[in-house]
Amino acid sequence: MSLDVSPALLQQAERGEVDEAAFVDCVRTSLPFAWGMISSLVAQLKVDGGEFADNQTPPPDEQARGQLLRALASDAIRGSLERHFGVRLAFQNCHRVAVFPLDPAVDDRLTRFTSIRGQLLNQSPELRDC
């Protein structure tokens with residue numbers, strides 16, 4: 001799953017610095033499933049509070065799964081999304097996306113979520129091929 005980069009944004013990149021807001025908009029339009037999931041988790045975190053909000057429902061199809069992988073595996077995309085939404089993102093398996101507030105008080109919870117133990121405890125036979 002590649003980004004659908006406009007000619008204007010590509011020209012910006014060729015000239016040097018890229019406007020991050022334009023890049024984030026490119027991600028929003030290119031990866032709508034990933035964008036929707038992350039933005040809904042951010043909204044859930046703001047409404048519910050707590051240490052984090054996460055998704056545990058597998059994507060509906062391979063295209064949606066690919067969007068999540070693209071968004072969270074790319075340092076540039078992931079970093080831009082974290083800055084845009086003001087959160088830290090964490091990812092397990094093919095679908096378990098979590099958003100954590102930028103609050104040092106939740107650092108221990110983030111560490112547990114992203115730990116080897118956390119990864120192993122999030123495994124199941126149903127997720128083996130995700």
# chains A, B, ... in the order shown; residues from 1 in each chain; ligands from 1

$ select_by_dssp --residues "chain A" --states "strand (DSSP E or B)" --output "PyMOL selection string"
chain A and resi 53-54+87-92+96-101

$ select_by_dssp --residues "range 55-127 of chain A" --states "alpha helix (DSSP H)" --output "ChimeraX atom specification"
/A:62-73,75-85,107-113,116-121

$ residues_around --residues "Gln67 in chain A" --least-positions-apart "3" --cutoff "9 Å" --atoms "only C-alpha atoms" --output "CSV table (one decimal) with C-alpha atoms, in the first residue's frame"
chain,number,residue,atom,x,y,z
A,1,MET,CA,0.0,0.0,0.0
A,2,SER,CA,1.6,3.2,-1.2
A,30,SER,CA,-4.2,7.6,1.0
A,31,LEU,CA,-4.8,5.4,4.1
A,32,PRO,CA,-8.4,6.1,5.1
A,33,PHE,CA,-8.9,2.9,7.1
A,34,ALA,CA,-5.8,3.4,9.2
A,35,TRP,CA,-6.6,7.1,9.6
A,62,GLU,CA,-6.4,-7.3,3.4
A,63,GLN,CA,-6.5,-3.8,2.0
A,64,ALA,CA,-7.4,-2.4,5.4
A,70,ARG,CA,1.9,0.9,6.1
A,71,ALA,CA,0.9,3.6,8.6
A,72,LEU,CA,2.6,2.0,11.6

$ closest_residue --among "A:Leu120, A:Ala22, A:Leu9, A:Leu41" --to "Asp54 in chain A" --atoms "only C-alpha atoms"
A:Leu41

$ closest_residue --among "A:Thr57, A:Val24, A:Lys46, A:Ser6" --to "Ala76 in chain A" --atoms "only C-alpha atoms"
A:Val24

$ residues_around --residues "Ser39 in chain A" --least-positions-apart "5" --cutoff "10 Å" --atoms "only C-alpha atoms" --output "NGL selection string"
:A and (28 or 33-34 or 44-45 or 81 or 85 or 99)

$ residues_around --residues "Thr111 in chain A" --least-positions-apart "6" --cutoff "12 Å" --atoms "only C-alpha atoms" --output "ChimeraX atom specification"
/A:51-52,88-90,100,104-105,117-119

$ write_last_selection --atoms "C-alpha atoms" --output "JSON list (two decimals), in the first residue's frame"
[["chain", "number", "residue", "atom", "x", "y", "z"],
["A", 51, "GLU", "CA", -3.93, 5.10, 30.21],
["A", 52, "PHE", "CA", -4.64, 4.12, 26.60],
["A", 88, "ARG", "CA", 2.16, 7.84, 21.11],
["A", 89, "LEU", "CA", 1.19, 4.90, 18.91],
["A", 90, "ALA", "CA", 1.82, 1.26, 19.69],
["A", 100, "PHE", "CA", -1.23, 6.52, 24.58],
["A", 104, "PRO", "CA", 4.94, 10.26, 31.57],
["A", 105, "ALA", "CA", 2.45, 8.80, 34.07],
["A", 117, "ARG", "CA", 5.67, -10.42, 27.29],
["A", 118, "GLY", "CA", 2.86, -8.16, 26.05],
["A", 119, "GLN", "CA", 3.41, -9.36, 22.50]]

$ closest_residue --among "A:Val5, A:Val47, A:Val97, A:Met37" --to "Ala73 in chain A" --atoms "only C-alpha atoms"
A:Val97

$ closest_residue --among "A:Gly79, A:Pro60, A:Ser74, A:Val87" --to "Val42 in chain A" --atoms "only C-alpha atoms"
A:Val87

$ closest_residue --among "A:Ala13, A:Arg112, A:Ala8, A:Asn55" --to "Ala98 in chain A" --atoms "only C-alpha atoms"
A:Asn55

$ atom_distance --atom1 "CA of Ala21 in chain A" --atom2 "CA of Phe91 in chain A"
23.3 Å

$ closest_residue --among "A:Leu68, A:Ala53, A:Glu17, A:Asp103" --to "Ser40 in chain A" --atoms "only C-alpha atoms"
A:Ala53
